[in-house]
Each structure stands twice: as structure tokens, then as C-alpha cells.
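Dumped work.cif below, it's mmCIF, C-alpha atoms and all ligand atoms:
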```cif
data_model
loop_
_atom_site.label_atom_id
_atom_site.label_comp_id
_atom_site.auth_asym_id
_atom_site.auth_seq_id
_atom_site.Cartn_x
_atom_site.Cartn_y
_atom_site.Cartn_z
CA MET I 1 1.78 1.48 3.10
CA PRO I 2 4.24 3.74 4.85
CA THR I 3 6.29 4.34 1.76
CA ILE I 4 5.25 5.82 -1.51
CA PRO I 5 4.75 2.95 -3.91
CA MET I 6 7.80 3.13 -6.12
CA PRO I 7 7.11 2.45 -9.76
CA LYS I 8 10.41 0.82 -10.74
CA PRO I 9 11.35 -1.84 -11.51
CA GLN I 10 7.92 -3.25 -10.90
CA PRO I 11 4.64 -2.03 -12.37
CA GLU I 12 2.85 1.12 -11.37
CA ASN I 13 0.65 1.19 -8.34
CA SER I 14 -2.65 -0.14 -9.53
CA MET I 15 -4.79 0.66 -6.56
CA ALA I 16 -7.72 2.07 -8.39
CA LEU I 17 -9.31 5.12 -6.96
CA GLY I 18 -12.78 4.78 -5.61
CA ARG I 19 -15.25 5.46 -8.34
CA ARG I 20 -18.08 6.32 -6.03
CA GLN I 21 -19.08 9.84 -6.83
CA THR I 22 -21.59 11.81 -4.89
CA LEU I 23 -23.33 14.73 -6.43
CA HIS I 24 -23.79 17.70 -4.23
CA ARG I 25 -25.47 20.97 -4.83
CA LEU I 26 -22.99 23.62 -5.74
CA GLY I 27 -22.09 25.92 -2.92
CA ARG I 28 -22.99 29.53 -2.59
CA LEU I 29 -19.84 30.62 -4.38
CA GLY I 30 -21.02 29.14 -7.61
CA GLY I 31 -18.92 26.02 -8.07
CA ALA I 32 -17.93 24.73 -11.44
CA ALA I 33 -19.11 27.72 -13.35
CA GLY I 34 -16.45 29.80 -11.65
CA LEU I 35 -13.53 27.73 -12.85
CA ALA I 36 -11.78 28.32 -16.12
CA PRO I 37 -11.10 25.33 -18.37
CA LEU I 38 -7.67 23.79 -18.12
CA GLY I 39 -5.26 23.91 -20.97
CA SER I 40 -6.49 27.24 -22.22
CA GLY I 41 -3.21 28.86 -21.35
CA VAL I 42 -5.17 31.56 -19.59
CA LEU I 43 -6.16 31.20 -16.00
CA GLY I 44 -9.30 33.16 -16.57
CA LEU I 45 -9.26 35.12 -13.37
CA ALA I 46 -10.72 38.26 -14.81
CA GLY I 47 -14.41 38.67 -15.13
CA LEU I 48 -15.48 35.46 -13.42
CA GLY I 49 -16.88 37.12 -10.34
CA ARG I 50 -16.82 36.17 -6.70
CA SER I 51 -16.05 32.50 -7.12
CA SER I 52 -12.84 33.09 -9.03
CA ARG I 53 -11.77 35.71 -6.57
CA ALA I 54 -12.52 33.29 -3.76
CA TRP I 55 -10.44 30.45 -5.12
CA ALA I 56 -7.63 32.76 -6.12
CA ALA I 57 -7.60 34.35 -2.68
CA ALA I 58 -7.59 30.95 -1.01
CA LYS I 59 -4.54 29.81 -2.98
CA PRO I 60 -1.50 29.24 -0.74
CA ASP I 61 1.22 31.67 -1.76
CA TRP I 62 3.57 28.75 -2.47
CA ALA I 63 1.18 26.95 -4.83
CA PRO I 64 1.49 27.42 -8.61
CA ALA I 65 -1.73 29.01 -9.87
CA GLU I 66 -2.28 26.46 -12.61
CA ALA I 67 -1.83 23.47 -10.30
CA TRP I 68 -4.18 25.07 -7.77
CA GLN I 69 -6.79 25.67 -10.42
CA SER I 70 -6.42 22.14 -11.73
CA LEU I 71 -6.95 20.72 -8.25
CA LEU I 72 -10.08 22.77 -7.68
CA ASN I 73 -11.35 21.91 -11.14
CA GLN I 74 -11.03 18.23 -10.33
CA LEU I 75 -12.84 18.65 -7.03
CA VAL I 76 -15.65 20.80 -8.32
CA LYS I 77 -16.09 19.75 -11.91
CA SER I 78 -15.13 16.08 -11.85
CA LYS I 79 -16.41 15.21 -8.39
CA GLY I 80 -19.30 17.66 -8.30
CA LEU I 81 -18.33 19.02 -4.91
CA PRO I 82 -19.28 22.51 -3.69
CA LEU I 83 -16.53 25.07 -4.27
CA ALA I 84 -17.15 26.65 -0.88
CA TRP I 85 -16.64 23.31 0.81
CA ALA I 86 -13.50 22.58 -1.22
CA LEU I 87 -11.98 25.94 -0.32
CA GLU I 88 -12.79 25.51 3.34
CA SER I 89 -11.27 22.02 3.34
CA LEU I 90 -8.07 23.39 1.82
CA GLU I 91 -7.87 26.46 4.05
CA ASN I 92 -4.52 27.54 5.43
CA LEU I 93 -2.43 24.79 3.81
CA GLN I 94 1.14 24.56 5.07
CA ARG I 95 3.84 23.45 2.65
CA GLN I 96 5.54 20.23 3.78
CA ASP I 97 9.11 20.53 2.57
CA LYS I 98 10.31 17.37 4.30
CA ALA I 99 7.70 15.22 2.55
CA LEU I 100 8.58 16.85 -0.77
CA ALA I 101 12.25 16.03 -0.22
CA LEU I 102 11.51 12.42 0.74
CA VAL I 103 9.35 11.85 -2.33
CA ASN I 104 11.83 13.66 -4.60
CA PRO I 105 15.36 12.76 -3.51
CA PRO I 106 18.13 14.58 -5.36
CA PRO I 107 19.53 12.67 -8.34
CA ASP I 108 22.90 12.31 -6.66
CA ALA I 109 21.49 10.98 -3.39
CA PRO I 110 23.11 7.70 -2.35
CA VAL I 111 21.05 4.70 -3.37
CA ILE I 112 20.67 2.10 -0.64
CA PRO I 113 20.61 -1.29 -2.35
CA ARG I 114 17.63 -3.45 -1.52
CA SER I 115 18.33 -6.32 0.79
CA LEU I 116 15.98 -8.92 2.22
CA ASN I 117 18.42 -9.64 5.04
CA ARG I 118 18.56 -6.00 6.08
CA VAL I 119 14.77 -5.64 6.02
CA LEU I 120 14.31 -8.85 7.99
CA SER I 121 16.77 -7.76 10.65
CA ARG I 122 14.77 -4.56 11.05
CA ASN I 123 11.34 -6.18 11.09
CA LEU I 124 12.01 -9.33 13.08
CA ASP I 125 13.78 -7.74 16.04
CA ALA I 126 12.95 -8.86 19.58
CA LYS I 127 10.77 -5.83 20.35
CA THR I 128 8.59 -6.27 17.25
CA LEU I 129 8.16 -9.98 17.95
CA ALA I 130 7.15 -9.26 21.56
CA GLU I 131 4.72 -6.56 20.46
CA GLY I 132 3.32 -8.87 17.81
CA ARG I 133 2.70 -11.73 20.18
CA ALA I 134 0.98 -9.38 22.64
CA PHE I 135 -1.16 -7.96 19.81
CA MET I 136 -2.14 -11.45 18.64
CA GLN I 137 -3.12 -12.40 22.15
CA THR I 138 -5.14 -9.26 22.82
CA HIS I 139 -6.96 -9.30 19.49
CA ARG I 140 -7.32 -13.05 19.06
CA ASP I 141 -11.11 -12.86 18.61
CA SER I 142 -10.97 -10.21 15.88
CA LEU I 143 -8.17 -12.07 14.10
CA ASN I 144 -10.12 -15.31 14.20
CA GLN I 145 -13.27 -13.60 12.92
CA ALA I 146 -11.35 -11.94 10.09
CA SER I 147 -9.73 -15.23 9.19
CA GLU I 148 -13.13 -16.89 9.14
CA ARG I 149 -14.79 -14.21 7.04
CA TYR I 150 -12.02 -13.34 4.57
CA GLY I 151 -9.89 -16.48 4.61
CA VAL I 152 -6.70 -14.61 5.57
CA PRO I 153 -4.80 -16.11 8.54
CA GLY I 154 -4.39 -13.85 11.57
CA SER I 155 -0.61 -14.19 11.44
CA ILE I 156 -0.56 -12.69 7.91
CA ILE I 157 -2.71 -9.75 9.04
CA CYS I 158 -0.33 -9.25 11.97
CA GLY I 159 2.65 -9.49 9.62
CA ILE I 160 1.30 -6.54 7.65
CA LEU I 161 0.33 -4.46 10.71
CA GLY I 162 3.73 -5.17 12.25
CA VAL I 163 5.75 -4.16 9.20
CA GLU I 164 3.55 -1.13 8.50
CA THR I 165 3.21 0.49 11.92
CA ARG I 166 4.47 -1.86 14.62
CA PHE I 167 0.86 -2.84 15.29
CA GLY I 168 -0.40 0.73 15.24
CA ARG I 169 2.27 2.27 17.46
CA VAL I 170 4.04 4.22 14.68
CA GLN I 171 1.49 5.73 12.31
CA GLY I 172 3.52 8.69 11.02
CA SER I 173 3.64 12.32 12.08
CA PHE I 174 3.09 14.20 8.83
CA PRO I 175 -0.10 16.28 8.62
CA VAL I 176 -1.82 14.27 5.94
CA ARG I 177 -3.94 16.97 4.34
CA ASP I 178 -1.04 19.43 4.03
CA THR I 179 1.34 16.66 2.96
CA LEU I 180 -0.86 15.41 0.14
CA ALA I 181 -1.61 18.99 -0.94
CA SER I 182 2.10 19.83 -1.04
CA LEU I 183 2.84 16.72 -3.10
CA ALA I 184 -0.15 17.34 -5.37
CA LEU I 185 0.77 20.95 -6.02
CA LEU I 186 4.58 20.88 -6.01
CA SER I 187 5.99 17.38 -6.43
CA PRO I 188 7.80 16.76 -9.73
CA ARG I 189 7.09 13.06 -9.17
CA ARG I 190 3.60 11.62 -9.34
CA SER I 191 1.72 14.82 -8.63
CA GLU I 192 -1.40 13.45 -10.34
CA PHE I 193 -1.36 10.40 -8.04
CA PHE I 194 -1.14 12.66 -4.99
CA SER I 195 -3.89 14.96 -6.35
CA GLN I 196 -6.21 12.00 -6.60
CA GLU I 197 -5.28 10.88 -3.09
CA LEU I 198 -5.88 14.38 -1.71
CA ILE I 199 -9.31 14.40 -3.33
CA GLU I 200 -9.99 10.96 -1.85
CA LEU I 201 -8.92 12.29 1.55
CA LEU I 202 -11.35 15.18 1.34
CA LEU I 203 -14.13 12.83 0.27
CA LEU I 204 -13.24 10.52 3.16
CA ALA I 205 -13.47 13.39 5.63
CA LYS I 206 -16.77 14.49 4.12
CA SER I 207 -18.36 11.08 4.44
CA SER I 208 -17.00 10.09 7.85
CA ALA I 209 -16.05 11.40 11.24
CA VAL I 210 -12.38 11.67 10.26
CA ASP I 211 -11.09 15.07 11.34
CA LEU I 212 -8.88 16.46 8.61
CA ARG I 213 -7.13 19.05 10.73
CA GLY I 214 -5.44 16.77 13.22
CA LEU I 215 -4.90 13.83 10.91
CA GLN I 216 -1.33 12.54 10.76
CA GLY I 217 0.26 9.86 8.61
CA SER I 218 3.27 8.97 6.48
CA PHE I 219 5.25 11.35 4.27
CA ALA I 220 3.29 9.97 1.32
CA GLY I 221 -0.10 10.38 2.98
CA ALA I 222 -0.73 6.82 4.19
CA LEU I 223 -3.06 6.56 7.15
CA GLY I 224 -3.65 4.63 10.31
CA MET I 225 -2.66 1.24 11.68
CA PRO I 226 -2.60 -0.42 8.23
CA GLN I 227 -1.24 2.69 6.41
CA PHE I 228 -3.96 2.79 3.79
CA MET I 229 -3.82 5.56 1.24
CA PRO I 230 -7.10 7.54 1.35
CA SER I 231 -8.39 5.82 -1.81
CA SER I 232 -7.77 2.41 -0.25
CA TRP I 233 -9.50 3.51 2.96
CA ARG I 234 -12.60 4.50 1.00
CA LYS I 235 -12.53 1.36 -1.09
CA TYR I 236 -11.43 -1.42 1.26
CA ALA I 237 -11.79 -0.32 4.90
CA VAL I 238 -14.53 -2.01 6.93
CA ASP I 239 -16.22 -1.31 10.25
CA PHE I 240 -15.21 -4.67 11.62
CA ASP I 241 -16.11 -3.97 15.26
CA GLN I 242 -19.50 -2.70 14.09
CA ASP I 243 -19.54 0.40 16.22
CA GLY I 244 -20.97 2.47 13.37
CA ARG I 245 -17.72 4.05 12.15
CA THR I 246 -14.72 2.81 10.25
CA ASP I 247 -11.68 3.87 12.23
CA LEU I 248 -8.29 2.73 10.99
CA LEU I 249 -6.50 5.10 13.36
CA LYS I 250 -7.60 3.70 16.69
CA SER I 251 -9.65 0.55 16.20
CA PRO I 252 -7.46 -2.57 15.95
CA ALA I 253 -10.52 -4.60 14.92
CA ASP I 254 -11.31 -2.25 12.04
CA ALA I 255 -7.65 -2.37 10.96
CA ILE I 256 -7.62 -6.17 11.13
CA GLY I 257 -10.80 -6.58 9.09
CA SER I 258 -9.69 -3.96 6.57
CA VAL I 259 -6.31 -5.60 5.90
CA ALA I 260 -8.03 -8.96 5.40
CA ASN I 261 -10.63 -7.40 3.09
CA PHE I 262 -7.88 -5.68 1.09
CA LEU I 263 -6.02 -8.95 0.56
CA LEU I 264 -9.17 -10.86 -0.38
CA ARG I 265 -10.05 -8.17 -2.90
CA HIS I 266 -6.55 -8.48 -4.35
CA GLY I 267 -6.66 -12.19 -5.02
CA TRP I 268 -6.09 -13.88 -1.66
CA GLN I 269 -7.06 -17.56 -1.80
CA ARG I 270 -8.38 -19.22 1.35
CA ASP I 271 -6.52 -22.29 2.70
CA ARG I 272 -3.75 -22.10 0.13
CA PRO I 273 -0.01 -21.82 0.77
CA THR I 274 1.78 -18.52 0.28
CA HIS I 275 5.31 -19.55 -0.60
CA ARG I 276 8.16 -21.93 0.09
CA VAL I 277 11.77 -20.80 0.47
CA VAL I 278 14.07 -22.85 -1.74
CA PRO I 279 16.88 -23.84 0.65
CA PRO I 280 20.43 -23.05 -0.48
CA THR I 281 21.30 -26.75 -0.07
CA VAL I 282 18.63 -27.73 -2.62
CA ARG I 283 19.93 -25.21 -5.10
CA GLU I 284 23.55 -26.15 -4.55
CA ALA I 285 22.70 -29.78 -5.37
CA LEU I 286 21.46 -28.77 -8.82
CA LYS I 287 23.63 -29.12 -11.90
CA VAL I 288 24.35 -26.06 -14.01
CA HIS I 289 21.86 -27.00 -16.74
CA GLN I 290 19.20 -27.61 -14.07
CA ARG I 291 19.72 -24.13 -12.64
CA VAL I 292 19.42 -22.71 -16.13
CA ALA I 293 16.16 -24.66 -16.59
CA LEU I 294 14.73 -23.05 -13.45
CA GLU I 295 15.18 -19.57 -14.88
CA ALA I 296 12.19 -20.21 -17.15
CA PHE I 297 9.98 -20.14 -14.03
CA VAL I 298 11.36 -16.92 -12.55
CA VAL I 299 9.09 -13.87 -12.79
CA THR I 300 9.77 -10.19 -12.18
CA ARG I 301 6.14 -9.11 -12.29
CA LEU I 302 3.53 -9.25 -9.56
CA THR I 303 1.67 -12.35 -10.72
CA ALA I 304 2.21 -16.11 -10.61
CA ASP I 305 2.56 -16.86 -14.30
CA HIS I 306 3.29 -20.60 -14.38
CA ARG I 307 1.37 -23.83 -13.87
CA LEU I 308 2.28 -25.85 -10.83
CA GLY I 309 2.16 -28.91 -13.08
CA ASP I 310 5.05 -27.52 -15.13
CA LEU I 311 7.03 -26.64 -12.00
CA ARG I 312 6.57 -30.25 -10.88
CA LYS I 313 8.38 -31.31 -14.05
CA SER I 314 11.22 -28.88 -13.30
CA PRO I 315 14.40 -29.76 -11.35
CA LEU I 316 12.54 -28.58 -8.21
CA GLY I 317 9.62 -30.97 -8.73
CA ALA I 318 10.62 -33.53 -6.11
CA TRP I 319 11.35 -30.79 -3.56
CA ILE I 320 7.97 -29.12 -4.20
CA ASP I 321 6.10 -32.34 -3.54
CA GLN I 322 7.97 -32.91 -0.29
CA SER I 323 5.64 -30.31 1.17
CA GLU I 324 2.18 -31.61 2.02
CA ASP I 325 0.67 -28.16 1.44
CA TRP I 326 2.08 -28.01 -2.04
CA ARG I 327 1.63 -31.67 -2.93
CA ASP I 328 -2.13 -31.32 -2.44
CA GLN I 329 -2.52 -28.48 -4.95
CA SER I 330 -3.84 -29.03 -8.45
CA SER I 331 -1.40 -29.07 -11.34
CA GLU I 332 -3.50 -26.34 -12.93
CA TRP I 333 -2.84 -24.01 -9.99
CA SER I 334 -0.51 -21.03 -10.51
CA ALA I 335 2.94 -20.51 -9.03
CA SER I 336 6.26 -19.00 -10.05
CA LEU I 337 9.77 -18.50 -8.72
CA VAL I 338 10.99 -15.11 -7.50
CA HIS I 339 14.42 -13.82 -6.55
CA LEU I 340 14.55 -11.59 -3.50
CA PRO I 341 17.49 -9.20 -3.70
CA GLU I 342 20.70 -9.05 -1.79
CA PRO I 343 23.43 -6.52 -2.75
CA ASP I 344 25.97 -8.09 -5.09
CA ARG I 345 24.26 -11.47 -4.78
CA PRO I 346 21.30 -11.27 -7.15
CA GLU I 347 20.39 -14.93 -6.70
CA ALA I 348 20.81 -15.10 -2.95
CA HIS I 349 17.17 -15.90 -2.18
CA LEU I 350 14.92 -17.99 -4.40
CA TRP I 351 11.31 -18.45 -3.31
CA LEU I 352 8.51 -20.52 -4.76
CA ALA I 353 5.64 -18.03 -4.74
CA ALA I 354 1.91 -18.71 -4.90
CA PRO I 355 -0.89 -16.24 -5.77
CA ASN I 356 -1.17 -15.35 -2.06
CA PHE I 357 2.44 -14.12 -2.11
CA PHE I 358 1.54 -11.82 -4.98
CA ALA I 359 -1.64 -10.63 -3.21
CA ILE I 360 0.65 -9.21 -0.51
CA THR I 361 2.70 -7.40 -3.16
CA GLN I 362 -0.47 -5.53 -4.10
CA TYR I 363 -0.30 -3.95 -0.63
CA ASN I 364 3.21 -2.71 -1.28
CA ARG I 365 4.68 -3.52 -4.64
CA SER I 366 7.87 -5.26 -3.64
CA TYR I 367 9.02 -8.85 -3.24
CA VAL I 368 11.11 -7.79 -0.24
CA TYR I 369 7.98 -6.36 1.36
CA ALA I 370 6.05 -9.61 0.87
CA GLY I 371 9.06 -11.60 2.09
CA SER I 372 9.25 -9.43 5.18
CA VAL I 373 5.52 -9.74 5.97
CA LEU I 374 5.58 -13.50 5.49
CA SER I 375 8.71 -13.95 7.61
CA LEU I 376 7.21 -11.90 10.45
CA ALA I 377 3.95 -13.85 10.12
CA ALA I 378 5.83 -17.16 10.36
CA ALA I 379 7.80 -15.98 13.38
CA LEU I 380 4.59 -14.90 15.14
CA GLU I 381 2.77 -18.08 14.20
CA ASN I 382 5.56 -20.36 15.40
CA PRO I 383 7.38 -18.87 18.39
CA GLY I 384 10.75 -20.50 18.70
CA SER I 385 10.89 -21.45 15.03
CA PRO I 386 14.28 -21.09 13.39
CA PRO I 387 14.86 -17.82 11.53
CA PRO I 388 14.09 -17.94 7.81
CA PRO I 389 16.93 -19.07 5.57
CA ARG I 390 19.13 -16.13 4.80
CA GLY I 391 20.40 -17.34 1.44
CA CA I 401 -15.49 0.48 13.86
#
```

Would you encode the structure as C-alpha cells?
Ligand SMILES: [Ca+2]
Amino acid sequence: MPTIPMPKPQPENSMALGRRQTLHRLGRLGGAAGLAPLGSGVLGLAGLGRSSRAWAAAKPDWAPAEAWQSLLNQLVKSKGLPLAWALESLENLQRQDKALALVNPPPDAPVIPRSLNRVLSRNLDAKTLAEGRAFMQTHRDSLNQASERYGVPGSIICGILGVETRFGRVQGSFPVRDTLASLALLSPRRSEFFSQELIELLLLAKSSAVDLRGLQGSFAGALGMPQFMPSSWRKYAVDFDQDGRTDLLKSPADAIGSVANFLLRHGWQRDRPTHRVVPPTVREALKVHQRVALEAFVVTRLTADHRLGDLRKSPLGAWIDQSEDWRDQSSEWSASLVHLPEPDRPEAHLWLAAPNFFAITQYNRSYVYAGSVLSLAAALENPGSPPPPRG
């Protein structure tokens, strides 16, 4: 997840934060009792003793006092963490102006229209394909084991790791703690989301060997080979090489198992197809009223909302059943049609999408993202295969 999940036009990021809460004894500075309630309009600095002075003194000079207090309140009151530990974890924060600018572009910044073709040309270049084939070869055993355990093919896992970080090579160079703190304390957009992710990061560091100080990631705080946000790391990462620690930064096996576990937990269905690209020739052969009839099966959300049985009765029915994979599926199974965007050609790409397509959109909430992952996966799975139809 190298990019901040953008909320429009598709639904908000739904990755729930980990609910696991650990109660700790309050630290020597007093903890929750030292923090004033939010919303009082008064920060309550006076008369609260050493703990208030400690958190006020620890505040970065660039952080608004109320946001700082809110963050500490969440850590200490909601999560039950020691104030002393929280302050130490947030010591010497450096404001990350570049991350703030990337998350909050100016209103007049040029908008780059989304384009499947452009994203495919970036993600299916010769270097990425060569790196991907080498990665698949080197980590064949882990990929096979993950496929066996979670039901997700190795090529799909590689598609995600390739699009996210070029198989771990490009993991981001933003200091994650300082980046999330800057976004939590200063970002006009989604500061609550980043606050929760910062808290998850601190909890992750507390419960594992992850060293906060040297940790680098994306401008939105995504981490490691699969670019998990801290909440996803805590919720879905697995120690797949069983060396006693879950390491998404350096262990390809852990990254492979964690991506597969994430997809399974977001609805991946073993041994089912993901999608089928509707070829332009098939669409061009349709009459106008048939094209209109297809629109009833097009979704803009992140779920397959139609019955395959109804799609079989649509003008695409014969084409769907040409595919053995699709012909074998029950009529009660779910599928829908999606348009993938191309500037000025809104209907350039039409894909038949199964629940597994939409599971990938839970990783990054975009049809273009899923299309890119699936196209890279297909290219890695079938070297020499023709490039995907470009609409
Ligand atoms: Ca491990």
C-alpha cells in the first residue's frame, strides 16, 4: 500500500484497526490522570503536576497543543499505555513537510487522470518482469506453501509485491514514525486515520523487535515489502518462515505469507477465477440495446453484486461460458462487470470481475490497482504470453 488509500470515488478504507488492547501499568509519570479531557476548551495544563508538564515539554514546537493532547489521550486513556513510554516513543519528532504536501496537494494542483494503460506500462516493464521471475524462482517453496495454506496463487502474491515495492527493492524512504506523527498532528486530510496508524505503529514496536527509530516507509506510513499500514501489520502479518519474529521488512517468506493471509481474510476464494477481460471485438459485435443491457451488471463499488446465472442470460452469456474456468462455476456464484478507466474513453476496458478481483481491491481500493496486479501476475505466470488487451 504505497499510496494513501484515497476515499473517492470509491468507499473509505475499511481496514479495521486491530482491536487487541493490552493493559499496562501506568508509568511513573502518572498516565491517564495527568491528561485533561478533550473538548473542554481548556487544555488543563495548570495544576496537573509533573505529568502535564512532561507531556507539554515533550510536545514538538510545530505540533498544535490540542492535537498533541488528543494523541496522548488516545494512547494513554484509550489504549492504557504508560505515559512515560508514550512520551519516550514520540521523543524528538521531526516534521515531515514532504509527506504533508503529498497527502494534501494544493487545490489547483494538476490532476493526472487515471489510466489502466499508463499504470500497466509502468508495472509491466522489462525490469519488473525480470525481477519478478527471479523472485518467483528464488522463493518458489514459500510461494507454494502460501498457496497451499491460504489458497492464493503465488503469481497473485508476486503481482502485489511487484506493484507495491518491486519485490521488496523499493520500500520507501520516509521515517515512518515522524511521517505518521506529522500527518496525525498537522494533516488537514484524514488526521484521525493517521493518528490511529501512529498508535498502531507504537503498539507494533512495543510488541515486536521493530526498531522505530530507523524505520522507513511510504509517505503515508506503509511498511515493508508488502507496504502494510501498521494496523494491517498487527492484524494480518504472519511469521511464515517461523523464525520467531514477523519481519515484513527483510523476510520475503513473511511478506509472502502475510499478503496471502490478508487476501484470504478479505474474501479470497481458493481455486476460483479472478476476472476475464471482455475483448473489444466481443463488445463491438454487440448491438446498441445489448450494450445498454450490460450496464445493469456494471458496478462502481468494491463487491461483486450480481449472480453469475443472470450474467449468463446477458448478451455476454455465450462468451462467459466459452471459458472453462467460468463455465464450471455455479449460477449462484457472484460476479459483476467493471470499467477500468482511460482518459476520455470511459468505457475503454470492460472486465468481468469475480470476488477474488474485489479481494485485491481491499488491498488498495482501486480497480486500476487490481487490474495492474492481475496483469503482472498473468505475465509472471505465463512468460511469453501476449500483453493484456489494451481496450
Ligand atoms: Ca519470520

Problem set entry | Separation of atom CA of Arg301 of chain I from atom CA of Ile157 of chain I in Å | 23.1 Å

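Nearest to Asn364 of chain I of all the residues I:Asp305, I:Asp310, I:Glu164, I:Asp211 is I:Glu164, based on only C-alpha atoms.
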
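For the pair atom CA of His275 of chain I and atom CA of Gly257 of chain I, the separation is 22.8 Å.
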
For this session: Around ligand CA 401 (chain I), at most 6 Å away and counting all atoms listed in the file, which residues are there? Put them as a ChimeraX atom specification, please.
Result: /I:239-247,254

Problem set entry | Selection near segment 133-144 of chain I, 9 Å with all atoms listed in the file, sequence-local residues under 5 positions removed, as a ChimeraX atom specification | /I:128,149,153-155,157-158,167,240-241,252-254,256-257,380-381,383

For this session: Identify the residues around (9.8, -16.9, -1.2) within a radius of 10 Å, measuring from all atoms listed in the file in the coordinates stated by the file, and give them as an NGL selection string.
Result: :I and (274-278 or 336-340 or 349-354 or 357 or 367-368 or 370-372 or 374-375)

Problem set entry | Selection: 12 Å around Glu295 of chain I, all atoms listed in the file, excl. self and same-chain fewer than 4 positions, as a PyMOL selection string | chain I and resi 288-291+299-300+306+311+314-316+336-339+347+350

Problem set entry | Leu201 of chain I surroundings by all atoms listed in the file, 9 Å radius, close-in-sequence under 2 positions cut, as number ranges by chain | I: 176-177, 180, 196-199, 203-206, 212, 229-231, 233-234

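Proximity of I:Tyr150, I:Phe358, I:Phe194, I:Phe219 to Arg265 of chain I, computed with only C-alpha atoms, is greatest for I:Tyr150.
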
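Pairwise distance (atom CA of Trp319 of chain I, atom CA of Ala335 of chain I) equals 14.4 Å.
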
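The list of residues within 9 Å of (-4.8, 26.8, 3.2), counted using all atoms listed in the file, is Ala58, Lys59, Pro60, Leu87, Glu88, Ser89, Leu90, Glu91, Asn92, Leu93, Gln94 and Asp178 of chain I.
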
Problem set entry | Shell around Pro343 of chain I at 7 Å using only C-alpha atoms, local window under 5 positions removed, as a list in words | Pro113, Arg114 and Ser115 of chain I

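Here the question is which of I:Ser195, I:Gln96, I:Ala57, I:Glu324 gets nearest to Leu71 of chain I using only C-alpha atoms, and that residue is I:Ser195.
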
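Taking only C-alpha atoms into account, Arg270 of chain I lies nearest to I:Glu148 out of the set I:Asp321, I:Glu332, I:Glu148, I:Asp61.
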